[in-house]
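Raw structure_34.pdb, PDB, C-alpha atoms and all ligand atoms:
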```
ATOM      1  CA  MET A 832     124.289 108.383 123.234
ATOM      2  CA  SER A 833     122.591 105.636 121.262
ATOM      3  CA  VAL A 834     120.539 106.583 118.201
ATOM      4  CA  LYS A 835     117.426 105.290 119.925
ATOM      5  CA  ASP A 836     118.077 107.499 122.963
ATOM      6  CA  PHE A 837     118.738 110.453 120.650
ATOM      7  CA  ILE A 838     115.343 109.870 118.988
ATOM      8  CA  CYS A 839     113.457 109.379 122.254
ATOM      9  CA  LYS A 840     115.082 112.395 123.897
ATOM     10  CA  THR A 841     114.511 114.646 120.893
ATOM     11  CA  ILE A 842     110.848 113.813 120.358
ATOM     12  CA  ARG A 843     110.107 114.639 123.985
ATOM     13  CA  LYS A 844     111.078 118.221 123.071
ATOM     14  CA  ARG A 845     110.080 118.596 119.413
ATOM     15  CA  ALA A 846     109.128 116.872 116.182
ATOM     16  CA  MET A 847     111.913 115.333 114.112
ATOM     17  CA  HIS A 848     112.645 115.201 110.409
ATOM     18  CA  VAL A 849     114.574 112.387 108.789
ATOM     19  CA  THR A 850     115.633 112.096 105.149
ATOM     20  CA  LEU A 851     115.614 108.864 103.190
ATOM     21  CA  LEU A 852     118.409 108.489 100.658
ATOM     22  CA  ASP A 853     118.475 105.649  98.159
ATOM     23  CA  PRO A 854     121.940 104.161  97.594
ATOM     24  CA  ASP A 855     121.280 103.943  93.869
ATOM     25  CA  PRO A 856     124.373 104.590  91.714
ATOM     26  CA  LYS A 857     122.123 106.535  89.296
ATOM     27  CA  LYS A 858     121.259 108.987  92.070
ATOM     28  CA  MET A 859     124.809 109.718  93.167
ATOM     29  CA  GLU A 860     125.301 112.794  91.007
ATOM     30  CA  GLY A 861     125.643 115.860  93.211
ATOM     31  CA  ILE A 862     125.128 113.759  96.320
ATOM     32  CA  ASP A 863     127.916 115.438  98.321
ATOM     33  CA  GLU A 864     126.300 118.835  97.916
ATOM     34  CA  LYS A 865     122.859 117.405  98.732
ATOM     35  CA  ILE A 866     124.109 115.835 101.938
ATOM     36  CA  LYS A 867     125.825 119.083 102.929
ATOM     37  CA  GLN A 868     122.622 121.024 102.355
ATOM     38  CA  LEU A 869     120.459 118.503 104.181
ATOM     39  CA  LYS A 870     122.696 119.016 107.181
ATOM     40  CA  GLN A 871     122.450 122.806 106.829
ATOM     41  CA  PHE A 872     118.659 122.652 106.489
ATOM     42  CA  GLY A 873     118.550 120.765 109.779
ATOM     43  CA  THR A 874     117.399 117.237 109.002
ATOM     44  CA  ASP A 875     117.932 115.187 112.164
ATOM     45  CA  ALA A 876     119.159 111.925 110.662
ATOM     46  CA  VAL A 877     119.490 110.142 107.357
ATOM     47  CA  LEU A 878     117.872 106.818 106.595
ATOM     48  CA  VAL A 879     119.616 104.844 103.881
ATOM     49  CA  GLY A 880     117.740 102.223 101.921
ATOM     50  CA  GLY A 881     115.854 101.197  98.829
ATOM     51  CA  SER A 882     113.210  98.571  98.126
ATOM     52  CA  THR A 883     115.195  96.819  95.405
ATOM     53  CA  ASP A 884     118.597  95.139  95.489
ATOM     54  CA  VAL A 885     121.250  97.475  96.773
ATOM     55  CA  ASN A 886     124.795  97.779  95.447
ATOM     56  CA  GLN A 887     126.861  97.392  98.597
ATOM     57  CA  VAL A 888     129.849  99.362  97.329
ATOM     58  CA  PHE A 889     127.633 102.390  96.764
ATOM     59  CA  LEU A 890     125.806 101.743 100.009
ATOM     60  CA  ASP A 891     129.046 101.876 101.999
ATOM     61  CA  LYS A 892     130.203 104.965 100.105
ATOM     62  CA  LEU A 893     126.952 106.785 100.742
ATOM     63  CA  VAL A 894     126.901 105.887 104.430
ATOM     64  CA  LEU A 895     130.467 107.165 104.851
ATOM     65  CA  LYS A 896     129.709 110.413 103.022
ATOM     66  CA  ILE A 897     126.767 111.079 105.349
ATOM     67  CA  LYS A 898     128.811 110.194 108.410
ATOM     68  CA  ASN A 899     131.327 112.860 107.433
ATOM     69  CA  THR A 900     128.639 115.444 108.208
ATOM     70  CA  SER A 901     128.132 113.884 111.662
ATOM     71  CA  LEU A 902     124.450 113.239 110.932
ATOM     72  CA  PRO A 903     123.312 109.893 112.351
ATOM     73  CA  VAL A 904     122.950 107.238 109.640
ATOM     74  CA  ILE A 905     120.246 104.643 110.121
ATOM     75  CA  LEU A 906     119.854 101.731 107.738
ATOM     76  CA  PHE A 907     116.338 101.296 106.396
ATOM     77  CA  PRO A 908     116.971  98.046 104.557
ATOM     78  CA  GLY A 909     114.740  96.741 101.818
ATOM     79  CA  GLY A 910     116.437  93.357 102.108
ATOM     80  CA  LEU A 911     119.620  91.580 103.084
ATOM     81  CA  SER A 912     121.759  93.633 100.701
ATOM     82  CA  GLY A 913     120.896  96.851 102.541
ATOM     83  CA  ILE A 914     123.296  96.342 105.448
ATOM     84  CA  SER A 915     126.460  98.426 105.884
ATOM     85  CA  LYS A 916     128.940  98.066 108.730
ATOM     86  CA  TYR A 917     129.558 101.825 108.640
ATOM     87  CA  ALA A 918     126.051 102.846 109.708
ATOM     88  CA  ASP A 919     125.285 104.012 113.240
ATOM     89  CA  ALA A 920     122.141 101.941 113.563
ATOM     90  CA  ILE A 921     119.724  99.722 111.700
ATOM     91  CA  PHE A 922     115.958  99.788 111.768
ATOM     92  CA  PHE A 923     115.536  96.059 112.302
ATOM     93  CA  MET A 924     112.144  96.051 110.751
ATOM     94  CA  SER A 925     109.321  93.597 110.470
ATOM     95  CA  LEU A 926     106.662  94.206 107.857
ATOM     96  CA  LEU A 927     103.803  93.225 110.123
ATOM     97  CA  ASN A 928     101.141  93.352 107.422
ATOM     98  CA  SER A 929     102.982  91.243 104.863
ATOM     99  CA  LYS A 930     101.296  88.136 103.447
ATOM    100  CA  ASP A 931     104.720  86.521 103.248
ATOM    101  CA  PRO A 932     106.388  85.369 106.493
ATOM    102  CA  TYR A 933     109.747  86.065 104.847
ATOM    103  CA  TRP A 934     109.176  89.813 105.332
ATOM    104  CA  ILE A 935     107.889  89.399 108.898
ATOM    105  CA  THR A 936     110.584  87.157 110.390
ATOM    106  CA  GLY A 937     112.402  85.316 107.579
ATOM    107  CA  ALA A 938     114.749  88.024 106.324
ATOM    108  CA  GLN A 939     115.326  89.064 109.925
ATOM    109  CA  ALA A 940     116.447  85.548 110.869
ATOM    110  CA  GLN A 941     118.844  85.516 107.931
ATOM    111  CA  ALA A 942     120.265  88.931 108.829
ATOM    112  CA  SER A 943     120.471  88.378 112.581
ATOM    113  CA  VAL A 944     123.964  86.917 112.878
ATOM    114  CA  LEU A 945     125.547  89.381 110.468
ATOM    115  CA  VAL A 946     123.983  92.357 112.239
ATOM    116  CA  LYS A 947     125.218  91.089 115.597
ATOM    117  CA  LYS A 948     128.741  90.604 114.213
ATOM    118  CA  LEU A 949     128.834  94.113 112.766
ATOM    119  CA  GLY A 950     127.983  95.543 116.157
ATOM    120  CA  ILE A 951     125.760  98.332 114.852
ATOM    121  CA  GLU A 952     122.918  99.510 117.050
ATOM    122  CA  ILE A 953     119.725  97.541 116.470
ATOM    123  CA  ILE A 954     116.414  99.382 116.696
ATOM    124  CA  PRO A 955     113.452  97.008 116.424
ATOM    125  CA  MET A 956     110.782  98.605 114.294
ATOM    126  CA  ALA A 957     107.313  97.674 113.083
ATOM    127  CA  TYR A 958     106.717  98.574 109.464
ATOM    128  CA  LEU A 959     103.114  99.048 108.331
ATOM    129  CA  ILE A 960     102.231  99.640 104.703
ATOM    130  CA  VAL A 961      99.078 101.526 103.821
ATOM    131  CA  GLU A 962      97.415 101.933 100.412
ATOM    132  CA  PRO A 963      98.672 102.577  97.772
ATOM    133  CA  GLY A 964     101.904 101.019  99.089
ATOM    134  CA  MET A 965     103.774 101.642  95.839
ATOM    135  CA  ARG A 966     106.837  99.524  95.046
ATOM    136  CA  VAL A 967     107.570  98.522  98.643
ATOM    137  CA  GLY A 968     104.005  97.249  98.996
ATOM    138  CA  GLU A 969     104.557  94.952  96.007
ATOM    139  CA  VAL A 970     108.033  93.804  96.957
ATOM    140  CA  GLY A 971     106.993  93.206 100.579
ATOM    141  CA  LYS A 972     103.782  91.421  99.490
ATOM    142  CA  ALA A 973     101.839  93.671 101.821
ATOM    143  CA  ASP A 974      98.244  93.015 102.693
ATOM    144  CA  LEU A 975      97.790  96.756 102.347
ATOM    145  CA  ILE A 976      95.944  98.551 105.138
ATOM    146  CA  LYS A 977      93.098 100.420 103.445
ATOM    147  CA  ARG A 978      93.047 104.173 103.819
ATOM    148  CA  ASP A 979      89.863 104.032 105.933
ATOM    149  CA  GLU A 980      91.146 101.239 108.185
ATOM    150  CA  GLY A 981      92.529 103.386 110.984
ATOM    151  CA  ILE A 982      91.470 100.866 113.611
ATOM    152  CA  LYS A 983      93.328  98.061 111.869
ATOM    153  CA  ALA A 984      96.451 100.231 111.659
ATOM    154  CA  ALA A 985      96.118 101.047 115.378
ATOM    155  CA  GLN A 986      95.751  97.341 116.212
ATOM    156  CA  TYR A 987      98.953  96.526 114.334
ATOM    157  CA  ALA A 988     100.775  99.425 115.996
ATOM    158  CA  LEU A 989      99.675  98.427 119.476
ATOM    159  CA  ALA A 990     100.627  94.817 118.771
ATOM    160  CA  ALA A 991     104.077  96.135 117.817
ATOM    161  CA  GLN A 992     104.333  97.892 121.161
ATOM    162  CA  HIS A 993     103.222  94.732 123.020
ATOM    163  CA  LEU A 994     105.854  92.773 121.069
ATOM    164  CA  GLY A 995     108.523  95.100 122.426
ATOM    165  CA  MET A 996     109.306  97.055 119.289
ATOM    166  CA  SER A 997     110.845 100.487 119.731
ATOM    167  CA  LEU A 998     109.162 102.352 116.892
ATOM    168  CA  VAL A 999     106.302 102.175 114.423
ATOM    169  CA  TYR A1000     106.806 103.299 110.832
ATOM    170  CA  LEU A1001     103.591 104.070 108.966
ATOM    171  CA  GLU A1002     104.256 104.034 105.242
ATOM    172  CA  ALA A1003     102.164 105.015 102.207
ATOM    173  CA  GLY A1004     105.003 103.956  99.894
ATOM    174  CA  SER A1005     107.750 106.040  98.390
ATOM    175  CA  GLY A1006     106.358 108.407  95.769
ATOM    176  CA  ALA A1007     102.733 107.843  96.855
ATOM    177  CA  PRO A1008     100.380 110.500  95.461
ATOM    178  CA  GLU A1009      99.173 111.335  98.994
ATOM    179  CA  PRO A1010     100.554 110.694 102.475
ATOM    180  CA  VAL A1011      98.736 108.339 104.866
ATOM    181  CA  PRO A1012      95.419 109.776 106.169
ATOM    182  CA  THR A1013      95.687 111.964 109.258
ATOM    183  CA  GLU A1014      92.739 110.080 110.794
ATOM    184  CA  MET A1015      94.830 106.914 110.720
ATOM    185  CA  VAL A1016      97.738 108.673 112.436
ATOM    186  CA  LYS A1017      95.329 109.902 115.132
ATOM    187  CA  ALA A1018      93.915 106.410 115.666
ATOM    188  CA  ILE A1019      97.411 104.974 116.091
ATOM    189  CA  LYS A1020      98.650 107.725 118.369
ATOM    190  CA  LYS A1021      95.681 107.285 120.709
ATOM    191  CA  ASN A1022      96.828 103.726 121.291
ATOM    192  CA  ILE A1023     100.616 103.685 121.455
ATOM    193  CA  ASP A1024     103.357 105.272 123.543
ATOM    194  CA  ILE A1025     106.293 104.347 121.308
ATOM    195  CA  PRO A1026     107.422 106.858 118.657
ATOM    196  CA  LEU A1027     105.585 107.001 115.344
ATOM    197  CA  ILE A1028     107.396 107.745 112.085
ATOM    198  CA  VAL A1029     105.297 108.654 109.059
ATOM    199  CA  GLY A1030     106.525 108.607 105.473
ATOM    200  CA  GLY A1031     105.525 108.212 101.865
ATOM    201  CA  GLY A1032     104.139 110.929  99.599
ATOM    202  CA  ILE A1033     105.007 113.925 101.779
ATOM    203  CA  ARG A1034     105.909 116.780  99.424
ATOM    204  CA  LYS A1035     104.531 119.912 101.087
ATOM    205  CA  PRO A1036     105.048 121.591 104.460
ATOM    206  CA  ALA A1037     101.263 121.613 105.035
ATOM    207  CA  GLN A1038     101.121 117.831 104.697
ATOM    208  CA  ALA A1039     103.945 117.418 107.202
ATOM    209  CA  LYS A1040     102.220 119.813 109.612
ATOM    210  CA  ALA A1041      98.884 117.981 109.344
ATOM    211  CA  LEU A1042     100.592 114.663 110.120
ATOM    212  CA  LEU A1043     102.367 116.193 113.128
ATOM    213  CA  GLU A1044      99.072 117.651 114.384
ATOM    214  CA  ALA A1045      97.564 114.184 114.067
ATOM    215  CA  GLY A1046     100.336 112.762 116.262
ATOM    216  CA  ALA A1047     103.317 111.796 114.116
ATOM    217  CA  ASP A1048     106.592 112.194 116.019
ATOM    218  CA  ILE A1049     108.935 111.926 113.060
ATOM    219  CA  ILE A1050     108.422 112.892 109.414
ATOM    220  CA  ASP A1051     110.403 111.074 106.745
ATOM    221  CA  THR A1052     110.819 112.425 103.222
ATOM    222  CA  GLY A1053     112.661 110.778 100.365
ATOM    223  CA  THR A1054     111.406 111.512  96.843
ATOM    224  CA  ILE A1055     111.267 115.255  97.406
ATOM    225  CA  THR A1056     115.050 115.210  97.821
ATOM    226  CA  GLU A1057     115.263 113.910  94.260
ATOM    227  CA  GLU A1058     112.425 115.998  92.796
ATOM    228  CA  ASN A1059     112.550 119.416  94.399
ATOM    229  CA  PHE A1060     115.492 119.996  96.632
ATOM    230  CA  THR A1061     114.476 123.481  97.745
ATOM    231  CA  ALA A1062     111.032 122.236  98.869
ATOM    232  CA  ILE A1063     112.688 119.997 101.408
ATOM    233  CA  LYS A1064     114.130 123.035 103.162
ATOM    234  CA  ASN A1065     110.612 124.327 103.864
ATOM    235  CA  ILE A1066     109.431 120.930 105.054
ATOM    236  CA  ILE A1067     112.361 120.589 107.431
ATOM    237  CA  GLU A1068     111.760 124.091 108.810
ATOM    238  CA  THR A1069     108.060 123.362 109.307
ATOM    239  CA  VAL A1070     108.819 120.145 111.165
ATOM    240  CA  LYS A1071     111.572 121.578 113.317
ATOM    241  CA  ASN A1072     109.519 124.655 114.286
ATOM    242  CA  TYR A1073     106.359 122.678 114.985
ATOM    243  CA  LYS A1074     105.288 123.000 118.610
ATOM    244  CA  LYS A1075     103.567 119.939 120.038
TER     245      LYS A1075
HETATM  246  C1  LIG A1101     109.778 105.662 101.737
HETATM  247  O1  LIG A1101     108.361 106.769 103.219
HETATM  248  C2  LIG A1101     109.563 106.874 102.577
HETATM  249  O2  LIG A1101     109.957 104.545 102.512
HETATM  250  C3  LIG A1101     109.722 108.130 101.797
HETATM  251  O3  LIG A1101     108.658 108.326 100.896
HETATM  252  O4  LIG A1101     109.877 109.000  98.862
HETATM  253  O5  LIG A1101     107.447 109.480  99.074
HETATM  254  O6  LIG A1101     109.102 110.731 100.432
HETATM  255  P1  LIG A1101     108.777 109.454  99.757
END
```
Write-out of the structure in structure tokens:
Amino acid sequence: MSVKDFICKTIRKRAMHVTLLDPDPKKMEGIDEKIKQLKQFGTDAVLVGGSTDVNQVFLDKLVLKIKNTSLPVILFPGGLSGISKYADAIFFMSLLNSKDPYWITGAQAQASVLVKKLGIEIIPMAYLIVEPGMRVGEVGKADLIKRDEGIKAAQYALAAQHLGMSLVYLEAGSGAPEPVPTEMVKAIKKNIDIPLIVGGGIRKPAQAKALLEAGADIIDTGTITEENFTAIKNIIETVKNYKK
């Protein structure tokens, strides 16, 4: 089954949790144990990526370690260096609200031939960055969607669907003090049929639950894996037990 089919099939039955891991050599300590536990806790897939330049040796190593657990590995690239031939799939993402065409179609054009050659599954995804946006907002030169601009976010998301994209990722930025507003998630969900992933600043089960109630299909957490590894267990349980 393709990763996209796995996602679509799963979210018809229940909410999903995915974990973002940064292939940063400084974060490799204890990574084998972390990956093992993430699998035990029940995360559904691992996204691998970072918003700064990625060391490809470590990227490949990390992808292979995750694959050993049989969890799907999806690249969440912050740029051209974030591509590994060992991954199951790549979120081929366009930062729709960037001020710089490079992040909308430029990097994608540059990556297109390589990705085709590698033969990994390509999942077209719209990436929308909301205030505060954090590092990825700066790097991606985002024209940040304001926290009260739910309609604007919904317009972007629906445009993504019309453009044929498979998923929408709504992002507050890694390490954001708060997740995206639930009202914004509701506004988007009213307008689209494609799956909605929400990430950035999710540190508590209650935040994950509120985002699911608002309509998120998939919850992504990253920083919490570095900050408080036991907290992630509760978030994963909350997401996996959530009844739509
Ligand atoms: C980053 O949304 C993800 O792209 C994860 O964010 O690190 O805040 O969990 P956190």
| message | If the PyMOL selection byres (((chain A and resi 1019-1033) around 7) and not hetatm) were run on this exact file, what residues would it hold? Put them as a count of residues only. | response | 34
| said: Please list as number ranges by chain every residue within 10 Å of A:Leu906, counting all atoms listed in the file and excluding residues in the same chain fewer than 5 positions away. | reply: A: 851-852, 877-881, 890, 894, 913-923, 951, 953-954
| query | Which residue out of A:Ala938, A:Leu869, A:Ile1066, A:Leu994 has the minimum interatomic distance to ligand LIG 1101 (chain A) when all atoms listed in the file are used? | reply |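 Going through A:Ala938, A:Leu869, A:Ile1066, A:Leu994 one by one, the smallest distance to ligand LIG 1101 (chain A) is for A:Ile1066.
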Up to 8 Å from (104.5, 97.3, 108.3) in the file's coordinates: name the residues, counting only C-alpha atoms, as an mmCIF file with C-alpha atoms, keeping the file's coordinate frame.
```cif
data_model
loop_
_atom_site.group_PDB
_atom_site.id
_atom_site.type_symbol
_atom_site.label_atom_id
_atom_site.label_comp_id
_atom_site.auth_asym_id
_atom_site.auth_seq_id
_atom_site.Cartn_x
_atom_site.Cartn_y
_atom_site.Cartn_z
ATOM 1 C CA SER A 925 109.321 93.597 110.470
ATOM 2 C CA LEU A 926 106.662 94.206 107.857
ATOM 3 C CA LEU A 927 103.803 93.225 110.123
ATOM 4 C CA ASN A 928 101.141 93.352 107.422
ATOM 5 C CA SER A 929 102.982 91.243 104.863
ATOM 6 C CA ALA A 957 107.313 97.674 113.083
ATOM 7 C CA TYR A 958 106.717 98.574 109.464
ATOM 8 C CA LEU A 959 103.114 99.048 108.331
ATOM 9 C CA ILE A 960 102.231 99.640 104.703
ATOM 10 C CA ALA A 973 101.839 93.671 101.821
ATOM 11 C CA TYR A 1000 106.806 103.299 110.832
ATOM 12 C CA LEU A 1001 103.591 104.070 108.966
ATOM 13 C CA GLU A 1002 104.256 104.034 105.242
#
```
| request: For the structure provided, state which residues fall under the PyMOL selection byres (((chain A and resi 896) around 12) and not hetatm), and present them as an MDAnalysis selection string. | output: chainID A and resid 852 854 859 861:867 870 877 879 889:895 897:904 917:918
| query | Residues picked by the PyMOL selection byres (((chain A and resi 931) around 8) and not hetatm) here, as a PyMOL selection string? | reply | chain A and resi 929-930+932-935+971-973
| query | Counting all atoms listed in the file, which of A:Gly873, A:Gly909, A:Pro955, A:Gly995 gets nearest to ligand LIG 1101 (chain A)? | reply |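 Using all atoms listed in the file, the shortest distance to ligand LIG 1101 (chain A) belongs to A:Gly909.
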Quick one: what's the axis-aligned box for ligand LIG 1101 (chain A), all listed atoms, 8 Å on every side, centre and edges in Å to one decimal, as lines of an AutoDock Vina configuration file?
```
center_x = 108.7
center_y = 107.6
center_z = 101.0
size_x = 18.5
size_y = 22.2
size_z = 20.4
```
| When you draw a straight line from atom CA of A:Lys858 to atom CA of A:Met924, how long is it in Å? | 24.5 Å
| task | Using all atoms listed in the file, pick whichever of A:Asn886, A:Cys839, A:Thr936, A:Met996 has the shortest atom-to-atom distance to A:Met956. | result |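 Using all atoms listed in the file, A:Met956 sits closest to A:Met996.
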Some atoms are missing, so please complete stretch 1010-1021 of chain A with all heavy atoms and return it as a PDB file, keeping the file's coordinate frame.
```pdb
ATOM      1  N   PRO A1010     100.081 111.379 101.262  1.00  0.00           N
ATOM      2  CA  PRO A1010     100.554 110.694 102.475  1.00  0.00           C
ATOM      3  C   PRO A1010      99.440 109.844 103.098  1.00  0.00           C
ATOM      4  O   PRO A1010      98.285 109.914 102.652  1.00  0.00           O
ATOM      5  CB  PRO A1010     100.910 111.851 103.422  1.00  0.00           C
ATOM      6  CG  PRO A1010     100.863 113.101 102.621  1.00  0.00           C
ATOM      7  CD  PRO A1010      99.994 112.836 101.428  1.00  0.00           C
ATOM      8  N   VAL A1011      99.769 109.119 104.144  1.00  0.00           N
ATOM      9  CA  VAL A1011      98.736 108.339 104.866  1.00  0.00           C
ATOM     10  C   VAL A1011      97.703 109.312 105.448  1.00  0.00           C
ATOM     11  O   VAL A1011      98.027 110.472 105.725  1.00  0.00           O
ATOM     12  CB  VAL A1011      99.349 107.491 106.005  1.00  0.00           C
ATOM     13  CG1 VAL A1011     100.300 106.460 105.461  1.00  0.00           C
ATOM     14  CG2 VAL A1011     100.037 108.360 107.048  1.00  0.00           C
ATOM     15  N   PRO A1012      96.443 108.862 105.638  1.00  0.00           N
ATOM     16  CA  PRO A1012      95.419 109.776 106.169  1.00  0.00           C
ATOM     17  C   PRO A1012      95.733 110.209 107.605  1.00  0.00           C
ATOM     18  O   PRO A1012      96.195 109.408 108.422  1.00  0.00           O
ATOM     19  CB  PRO A1012      94.140 108.930 106.138  1.00  0.00           C
ATOM     20  CG  PRO A1012      94.432 107.757 105.288  1.00  0.00           C
ATOM     21  CD  PRO A1012      95.895 107.530 105.336  1.00  0.00           C
ATOM     22  N   THR A1013      95.426 111.461 107.899  1.00  0.00           N
ATOM     23  CA  THR A1013      95.687 111.964 109.258  1.00  0.00           C
ATOM     24  C   THR A1013      94.818 111.231 110.284  1.00  0.00           C
ATOM     25  O   THR A1013      95.236 111.036 111.423  1.00  0.00           O
ATOM     26  CB  THR A1013      95.437 113.488 109.343  1.00  0.00           C
ATOM     27  OG1 THR A1013      94.146 113.766 108.814  1.00  0.00           O
ATOM     28  CG2 THR A1013      96.475 114.271 108.587  1.00  0.00           C
ATOM     29  N   GLU A1014      93.620 110.807 109.861  1.00  0.00           N
ATOM     30  CA  GLU A1014      92.739 110.080 110.794  1.00  0.00           C
ATOM     31  C   GLU A1014      93.396 108.771 111.263  1.00  0.00           C
ATOM     32  O   GLU A1014      93.231 108.356 112.404  1.00  0.00           O
ATOM     33  CB  GLU A1014      91.386 109.760 110.128  1.00  0.00           C
ATOM     34  CG  GLU A1014      90.479 110.965 109.956  1.00  0.00           C
ATOM     35  CD  GLU A1014      90.285 111.758 111.256  1.00  0.00           C
ATOM     36  OE1 GLU A1014      89.991 111.124 112.291  1.00  0.00           O
ATOM     37  OE2 GLU A1014      90.450 112.997 111.229  1.00  0.00           O
ATOM     38  N   MET A1015      94.141 108.163 110.371  1.00  0.00           N
ATOM     39  CA  MET A1015      94.830 106.914 110.720  1.00  0.00           C
ATOM     40  C   MET A1015      95.949 107.198 111.732  1.00  0.00           C
ATOM     41  O   MET A1015      96.143 106.457 112.693  1.00  0.00           O
ATOM     42  CB  MET A1015      95.403 106.282 109.448  1.00  0.00           C
ATOM     43  CG  MET A1015      96.017 104.934 109.672  1.00  0.00           C
ATOM     44  SD  MET A1015      96.595 104.208 108.135  1.00  0.00           S
ATOM     45  CE  MET A1015      95.076 103.610 107.427  1.00  0.00           C
ATOM     46  N   VAL A1016      96.660 108.285 111.511  1.00  0.00           N
ATOM     47  CA  VAL A1016      97.738 108.673 112.436  1.00  0.00           C
ATOM     48  C   VAL A1016      97.136 108.926 113.824  1.00  0.00           C
ATOM     49  O   VAL A1016      97.670 108.471 114.844  1.00  0.00           O
ATOM     50  CB  VAL A1016      98.485 109.917 111.904  1.00  0.00           C
ATOM     51  CG1 VAL A1016      99.502 110.424 112.917  1.00  0.00           C
ATOM     52  CG2 VAL A1016      99.177 109.585 110.584  1.00  0.00           C
ATOM     53  N   LYS A1017      95.997 109.625 113.838  1.00  0.00           N
ATOM     54  CA  LYS A1017      95.329 109.902 115.132  1.00  0.00           C
ATOM     55  C   LYS A1017      94.941 108.606 115.826  1.00  0.00           C
ATOM     56  O   LYS A1017      95.149 108.444 117.034  1.00  0.00           O
ATOM     57  CB  LYS A1017      94.045 110.724 114.886  1.00  0.00           C
ATOM     58  CG  LYS A1017      94.286 112.202 114.705  1.00  0.00           C
ATOM     59  CD  LYS A1017      92.941 112.928 114.617  1.00  0.00           C
ATOM     60  CE  LYS A1017      93.162 114.274 113.943  1.00  0.00           C
ATOM     61  NZ  LYS A1017      91.943 114.881 113.435  1.00  0.00           N
ATOM     62  N   ALA A1018      94.369 107.682 115.072  1.00  0.00           N
ATOM     63  CA  ALA A1018      93.915 106.410 115.666  1.00  0.00           C
ATOM     64  C   ALA A1018      95.101 105.650 116.259  1.00  0.00           C
ATOM     65  O   ALA A1018      95.001 105.078 117.352  1.00  0.00           O
ATOM     66  CB  ALA A1018      93.219 105.566 114.597  1.00  0.00           C
ATOM     67  N   ILE A1019      96.220 105.679 115.578  1.00  0.00           N
ATOM     68  CA  ILE A1019      97.411 104.974 116.091  1.00  0.00           C
ATOM     69  C   ILE A1019      97.922 105.670 117.350  1.00  0.00           C
ATOM     70  O   ILE A1019      98.187 105.040 118.370  1.00  0.00           O
ATOM     71  CB  ILE A1019      98.517 104.921 115.008  1.00  0.00           C
ATOM     72  CG1 ILE A1019      98.087 104.007 113.864  1.00  0.00           C
ATOM     73  CG2 ILE A1019      99.845 104.458 115.602  1.00  0.00           C
ATOM     74  CD1 ILE A1019      99.082 103.920 112.719  1.00  0.00           C
ATOM     75  N   LYS A1020      98.051 106.974 117.264  1.00  0.00           N
ATOM     76  CA  LYS A1020      98.650 107.725 118.369  1.00  0.00           C
ATOM     77  C   LYS A1020      97.856 107.629 119.663  1.00  0.00           C
ATOM     78  O   LYS A1020      98.394 107.691 120.757  1.00  0.00           O
ATOM     79  CB  LYS A1020      98.787 109.189 117.946  1.00  0.00           C
ATOM     80  CG  LYS A1020     100.191 109.731 117.851  1.00  0.00           C
ATOM     81  CD  LYS A1020     101.280 108.914 118.437  1.00  0.00           C
ATOM     82  CE  LYS A1020     102.096 109.722 119.418  1.00  0.00           C
ATOM     83  NZ  LYS A1020     103.427 109.120 119.653  1.00  0.00           N
ATOM     84  N   LYS A1021      96.536 107.446 119.514  1.00  0.00           N
ATOM     85  CA  LYS A1021      95.681 107.285 120.709  1.00  0.00           C
ATOM     86  C   LYS A1021      96.032 105.998 121.446  1.00  0.00           C
ATOM     87  O   LYS A1021      95.740 105.836 122.617  1.00  0.00           O
ATOM     88  CB  LYS A1021      94.213 107.206 120.258  1.00  0.00           C
ATOM     89  CG  LYS A1021      93.429 108.492 120.545  1.00  0.00           C
ATOM     90  CD  LYS A1021      91.953 108.249 120.454  1.00  0.00           C
ATOM     91  CE  LYS A1021      91.500 108.495 119.025  1.00  0.00           C
ATOM     92  NZ  LYS A1021      90.152 108.089 118.707  1.00  0.00           N
TER      93      LYS A1021
END
```
